[in-house]
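Novice: Right, I'll just put the structure down here and ask away after.
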Amino acid sequence: MRARSALIVLLLFFNMAGISQLKAVYSFPSEDSTLKNQLYAAALSKKVRLVTSLSGEHKDDYKAVYESRFELISSLMKSSRLVAEPDAHAYLQKILDRIVSVNEELKPLEVRLVFSRDSWVNAYSVGEGTLIVNAGLLIRLKNEAELAFVLCHELAHYYLDHSAKSIQKMISTANSETVRAELKKLSRQEYGAGADLDKLMKWMAFSSRRHSRENESEADEMAIRFMKNTEFNGQGAITCLQMLDQSDDSTYYAPLNLKTIFNFPDYAFKNRWLQDETAIFSQLKGNTGELTAQERDSLRTHPDCPLRIAAMEPAVRAITGRQDFPVDAAMFKQLQARFSIEIIEELYQEKRYALHLYLALGLLQTGQHRTYAVYTIARVLNALYEAQLQHQFGLYVEKENRVYPQNYNQLLRLLDRLRLNELAALNYFFCRQYKEEMAGYTAFASEWTKAQQQHEMYTH
């Protein structure tokens, strides 16, 4: 469960049936500011202790790494990405306590366990005691046993001090005679230095990746040892890894039917918005086409899952048949429903408009939370219009890339090819289609008014 900031992870959403209808405007539940401050202060204290204890030849390198790591934690804890809802945090601590209370070696550890509203399917140990479970992962899990395995795995990384070992290896490699000599040679090289530097960086990345995969196997083994002492069903480890193995290649939602969503009686969908480019032009772009098997494997958020499953299966057999939900099944499912909306809302707050629109359209297709989905689609289309008008579209919408799922690339292609008047028209006719259904929602009415004003600029 390596941290990887990638968009590949457009892989969302658990069943939300039976949840009461949300208001069109969504606000995050009340959060505990004291809790946020406590978590931040504890992380800062740990960073200060580590930096103060540094000595030796490469202490400046270590200090830079520790400072950078703390910035990652700080950016989470000071933002709306951190889930500081008291009931959500208390629930996560209960799962953690069930694990720590029956594993003596974990009791001395200083652990800060939190949920984030990040959309990608991941959990990770930052390395200094902070463990993060992304909402994008929780909503894909089937039960608490799978969540328990995730926590055992991240606790194993922390207990085995994998982060410190990885940092040591990275700094040692960067300061090795081999790398220093190569960099010195490149500094004197007149031609081809860029290509040779790229080769050197790839070699260093491969070395780091191999070390990381060794850590994953070791953490899996230790995680099963931790899980063995609990009441959680060991089968959760297998089913969790099976899901993670597919997480980069699938989405919870059915593929978007953009030609249906954006086809209106008075404004027909234009095929050129999605039409494939010529082969020559695609090759010139350099980021299209199918990934090779090696490239796909190297980019996976969770590599080697089948091998990891095969390695742990013998140990798992001894701890199957236990409980899937020994803590609070109702809260687990409640959080899944809440987080599925909070992920989308957080993306809007971060101005990640393309991914926000992608997930909101998927939500609309399910028929769940319709008022929120319709409202936020209108809202983000208005925001995209303003961005394009201000020549800032590229700040909020990425280009197609072969590392993204095909369905997401289709939406990116559509957005890239829309002219300003077409974007205004799409939102106008979209809002008009839902205006009766959304009657009474003030926030939607405001977006509908904006859409009308924008469209009128091109019709009069």
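Letters A, B, ... go to the chains of the structure tokens in the order shown; residues in each chain start at 1; ligands are counted from 1 in the same order.
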Would you please give, as a compact mmCIF listing (two decimals) with C-alpha atoms, in the first residue's frame, all residues of segment 35-257 of chain A that DSSP assigns to strand (DSSP E) based on the backbone?

Specialist:
```
# COMPACT_ATOMS: atom_id res chain seq x y z
CA LEU A 82 -7.98 15.52 7.04
CA VAL A 83 -11.10 13.87 8.44
CA ARG A 112 -1.31 8.76 14.86
CA LEU A 113 -3.97 7.10 12.71
CA VAL A 114 -6.20 9.28 10.55
CA PHE A 115 -8.61 9.22 7.62
CA SER A 116 -8.01 11.52 4.67
CA ALA A 123 -3.19 3.72 2.83
CA TYR A 124 0.35 4.47 3.92
CA SER A 125 2.74 4.92 6.80
CA THR A 130 1.50 8.91 11.14
CA LEU A 131 -0.64 6.30 9.39
CA ILE A 132 -3.13 7.53 6.79
CA VAL A 133 -6.14 5.69 5.37
CA ASN A 134 -7.60 7.38 2.29
```

Novice: Would you kindly return, as a list in words, each protein, DNA or RNA residue with an atom no farther than 10 Å from any atom of Ser166 of chain A, considering only C-alpha atoms and excluding same-chain residues fewer than 4 positions away?

Specialist: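 Counting only C-alpha atoms, the residues come to Gly127, Asp161, His162, Met170, Ile171, Ser172, Ser208, His211, Ser212 and Asn215 of chain A.
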
Novice: Show me, as a short mmCIF file (atom, residue, chain, number, x, y, z; two decimals) with N, CA and C atoms, in the first residue's frame, the residues that have an atom within 9 Å of segment 453-460 of chain A when counting only C-alpha atoms, minus same-chain residues fewer than 4 positions from it.

Specialist:
```cif
data_model
loop_
_atom_site.label_atom_id
_atom_site.label_comp_id
_atom_site.auth_asym_id
_atom_site.auth_seq_id
_atom_site.Cartn_x
_atom_site.Cartn_y
_atom_site.Cartn_z
N ASN A 382 -19.86 25.51 -14.69
CA ASN A 382 -19.74 26.97 -14.63
C ASN A 382 -18.31 27.38 -14.28
N TYR A 385 -16.13 26.96 -17.28
CA TYR A 385 -16.36 28.05 -18.24
C TYR A 385 -15.56 29.29 -17.83
N ASN A 421 -18.22 28.62 -26.36
CA ASN A 421 -19.67 28.67 -26.57
C ASN A 421 -20.31 27.30 -26.40
N GLU A 422 -19.58 26.24 -26.74
CA GLU A 422 -20.11 24.88 -26.58
C GLU A 422 -20.18 24.48 -25.12
N LEU A 423 -19.18 24.88 -24.35
CA LEU A 423 -19.21 24.60 -22.92
C LEU A 423 -20.38 25.32 -22.26
N ALA A 424 -20.61 26.57 -22.68
CA ALA A 424 -21.76 27.31 -22.15
C ALA A 424 -23.07 26.64 -22.53
N ALA A 425 -23.15 26.15 -23.76
CA ALA A 425 -24.37 25.50 -24.23
C ALA A 425 -24.62 24.19 -23.48
N LEU A 426 -23.58 23.41 -23.29
CA LEU A 426 -23.75 22.13 -22.58
C LEU A 426 -24.32 22.35 -21.20
N ASN A 427 -23.78 23.31 -20.47
CA ASN A 427 -24.28 23.54 -19.12
C ASN A 427 -25.70 24.12 -19.14
N TYR A 428 -25.96 24.98 -20.09
CA TYR A 428 -27.31 25.55 -20.20
C TYR A 428 -28.34 24.45 -20.41
N TRP A 448 -27.94 27.77 -12.31
CA TRP A 448 -28.78 27.81 -13.50
C TRP A 448 -28.81 29.23 -14.07
N THR A 449 -28.86 30.21 -13.20
CA THR A 449 -28.84 31.61 -13.65
C THR A 449 -27.52 31.93 -14.36
#
```

Novice: Counting only C-alpha atoms, what is within 6 Å of Ala237 of chain A, bar same-chain residues fewer than 2 positions away, as a PyMOL selection string?

Specialist: chain A and resi 146+149+234-235+239-240

Novice: Pick the closest to Phe429 of chain A from A:Glu386, A:Arg317, A:Tyr408, A:Phe262: which is it, counting only C-alpha atoms?

Specialist: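 Of the candidates, the smallest distance to Phe429 of chain A is held by A:Phe262.
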
Novice: Skip Phe444 of chain A itself and residues of its chain fewer than 3 positions away, then list as a list in words all residues within 9 Å of it, counting only C-alpha atoms.

Specialist: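 Surrounding residues, per the criterion: Ala24, Val25, Thr371, Val374, Tyr375, Thr376, Ala378, Arg379, Cys431, Lys435, Met438, Ala439, Gly440, Tyr441, Glu447, Trp448 and Thr449 of chain A.
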
Novice: According to DSSP computed on the backbone, where in segment 98-159 of chain A is there alpha helix (DSSP H)? Give the residues as a compact mmCIF listing (two decimals) with N, CA and C atoms, in the first residue's frame.

Specialist:
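Now in out10.txt:
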```
# COMPACT_ATOMS: atom_id res chain seq x y z
N ARG A 98 -8.11 -2.64 18.81
CA ARG A 98 -8.31 -4.10 18.77
C ARG A 98 -7.02 -4.81 18.32
N ILE A 99 -6.23 -4.15 17.49
CA ILE A 99 -4.99 -4.75 16.98
C ILE A 99 -3.86 -4.57 17.98
N VAL A 100 -3.68 -3.35 18.45
CA VAL A 100 -2.56 -3.04 19.34
C VAL A 100 -2.69 -3.77 20.68
N ALA A 135 -9.94 7.92 2.11
CA ALA A 135 -11.36 7.61 1.94
C ALA A 135 -11.59 6.79 0.68
N GLY A 136 -10.78 7.04 -0.36
CA GLY A 136 -10.90 6.28 -1.60
C GLY A 136 -10.65 4.80 -1.42
N LEU A 137 -9.89 4.42 -0.39
CA LEU A 137 -9.69 3.02 -0.07
C LEU A 137 -10.85 2.48 0.76
N LEU A 138 -11.25 3.23 1.79
CA LEU A 138 -12.30 2.72 2.69
C LEU A 138 -13.56 2.35 1.93
N GLU A 144 -14.72 -4.88 7.94
CA GLU A 144 -13.70 -4.45 8.89
C GLU A 144 -12.47 -5.35 8.87
N ALA A 145 -12.64 -6.61 8.50
CA ALA A 145 -11.49 -7.51 8.44
C ALA A 145 -10.50 -7.01 7.39
N GLU A 146 -10.99 -6.52 6.26
CA GLU A 146 -10.10 -5.96 5.25
C GLU A 146 -9.42 -4.70 5.77
N LEU A 147 -10.18 -3.85 6.47
CA LEU A 147 -9.60 -2.64 7.05
C LEU A 147 -8.54 -3.01 8.09
N ALA A 148 -8.80 -4.04 8.88
CA ALA A 148 -7.83 -4.48 9.89
C ALA A 148 -6.53 -4.94 9.24
N PHE A 149 -6.63 -5.63 8.11
CA PHE A 149 -5.41 -6.04 7.40
C PHE A 149 -4.64 -4.82 6.92
N VAL A 150 -5.34 -3.84 6.38
CA VAL A 150 -4.68 -2.60 5.93
C VAL A 150 -3.90 -1.98 7.09
N LEU A 151 -4.54 -1.88 8.26
CA LEU A 151 -3.88 -1.26 9.41
C LEU A 151 -2.71 -2.12 9.90
N CYS A 152 -2.89 -3.44 9.92
CA CYS A 152 -1.79 -4.32 10.33
C CYS A 152 -0.60 -4.17 9.39
N HIS A 153 -0.88 -4.04 8.10
CA HIS A 153 0.18 -3.89 7.10
C HIS A 153 0.95 -2.57 7.31
N GLU A 154 0.22 -1.48 7.54
CA GLU A 154 0.89 -0.19 7.73
C GLU A 154 1.61 -0.14 9.08
N LEU A 155 1.03 -0.77 10.09
CA LEU A 155 1.71 -0.87 11.39
C LEU A 155 3.00 -1.67 11.24
N ALA A 156 2.97 -2.70 10.39
CA ALA A 156 4.17 -3.51 10.16
C ALA A 156 5.27 -2.67 9.51
N HIS A 157 4.90 -1.84 8.53
CA HIS A 157 5.89 -0.94 7.92
C HIS A 157 6.54 -0.06 9.00
N TYR A 158 5.72 0.47 9.87
CA TYR A 158 6.23 1.37 10.92
C TYR A 158 7.08 0.59 11.92
N TYR A 159 6.58 -0.55 12.37
CA TYR A 159 7.30 -1.37 13.34
C TYR A 159 8.65 -1.82 12.80
```

Novice: Tell me, in Å to one decimal, how far atom CA of Ala329 of chain A is from atom CA of Asn143 of chain A.

Specialist: 7.7 Å

Novice: Could you tell me which of A:Leu92, A:Ile238, A:Val51, A:Ala84 comes closest to Leu307 of chain A if we count only C-alpha atoms?

Specialist: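 Distance minimum relative to Leu307 of chain A lands on A:Ile238.
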
Novice: Tell me which of A:Ala219, A:Ile95, A:Leu420, A:Leu357 sits closest to Phe332 of chain A, counting only C-alpha atoms.

Specialist: A:Ile95

Novice: Calculate how many Å separate atom CA of Arg417 of chain A from atom CA of Arg432 of chain A, rounding to one decimal.

Specialist: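 Value for the atom CA of Arg417 of chain A-atom CA of Arg432 of chain A distance: 22.6 Å.
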
Novice: Extract, using only C-alpha atoms, all DNA, RNA and protein residues at most 12 Å from Ala64 of chain A, discarding same-chain residues fewer than 6 positions from it, and format them as a compact mmCIF listing (two decimals) with N, CA and C atoms, in the first residue's frame.

Specialist:
```
# COMPACT_ATOMS: atom_id res chain seq x y z
N LYS A 47 9.11 15.37 14.53
CA LYS A 47 10.07 15.89 13.54
C LYS A 47 11.21 16.62 14.21
N LEU A 50 13.65 14.20 15.78
CA LEU A 50 14.48 13.53 14.79
C LEU A 50 15.58 14.45 14.26
N VAL A 51 15.21 15.68 13.94
CA VAL A 51 16.19 16.63 13.40
C VAL A 51 17.25 16.96 14.44
N LEU A 54 20.15 14.42 14.80
CA LEU A 54 20.99 14.13 13.63
C LEU A 54 22.45 14.47 13.87
N HIS A 58 26.08 13.06 6.53
CA HIS A 58 24.97 13.39 5.65
C HIS A 58 23.77 13.94 6.41
N PHE A 70 7.62 16.14 6.86
CA PHE A 70 6.72 16.87 7.74
C PHE A 70 5.81 17.80 6.95
N GLU A 71 6.33 18.39 5.88
CA GLU A 71 5.49 19.25 5.05
C GLU A 71 4.32 18.46 4.47
N ILE A 167 15.01 5.67 3.50
CA ILE A 167 15.69 6.97 3.47
C ILE A 167 17.21 6.76 3.50
N ILE A 171 19.73 8.00 0.50
CA ILE A 171 20.82 8.94 0.73
C ILE A 171 22.17 8.28 0.47
```

Novice: For Leu418 of chain A, which of A:Tyr404, A:Trp273, A:Leu335, A:Thr366 is the closest residue, counting only C-alpha atoms?

Specialist: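 For Leu418 of chain A, the nearest of the candidates is A:Trp273.
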
Novice: Quick one: residues within 9 Å of Lys228 of chain A, only C-alpha atoms, excluding same-chain residues fewer than 6 positions away - as a ChimeraX atom specification?

Specialist: /A:234,315-316,318-319

Novice: If you keep C-alpha atoms, can you produce a file of those selected residues as a PDB file, in the first residue's frame?

Specialist:
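Saved the output as out_37.pdb:
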```pdb
ATOM      1  CA  GLY A 234      -7.875 -13.514   8.126  1.00  0.00           C
ATOM      2  CA  ALA A 315      -0.611 -18.489   7.029  1.00  0.00           C
ATOM      3  CA  VAL A 316      -4.077 -17.056   6.334  1.00  0.00           C
ATOM      4  CA  ALA A 318      -5.205 -20.767  10.031  1.00  0.00           C
ATOM      5  CA  ILE A 319      -7.131 -17.570  10.787  1.00  0.00           C
TER       6      ILE A 319
END
```

Novice: Let me make sure I understand: among A:Leu359, A:Ala337, A:Leu258, A:Ile309, which one has the smallest atom-to-atom distance to Gln410 of chain A if we use only C-alpha atoms?

Specialist: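 Among the listed residues, A:Leu258 lies closest to Gln410 of chain A.
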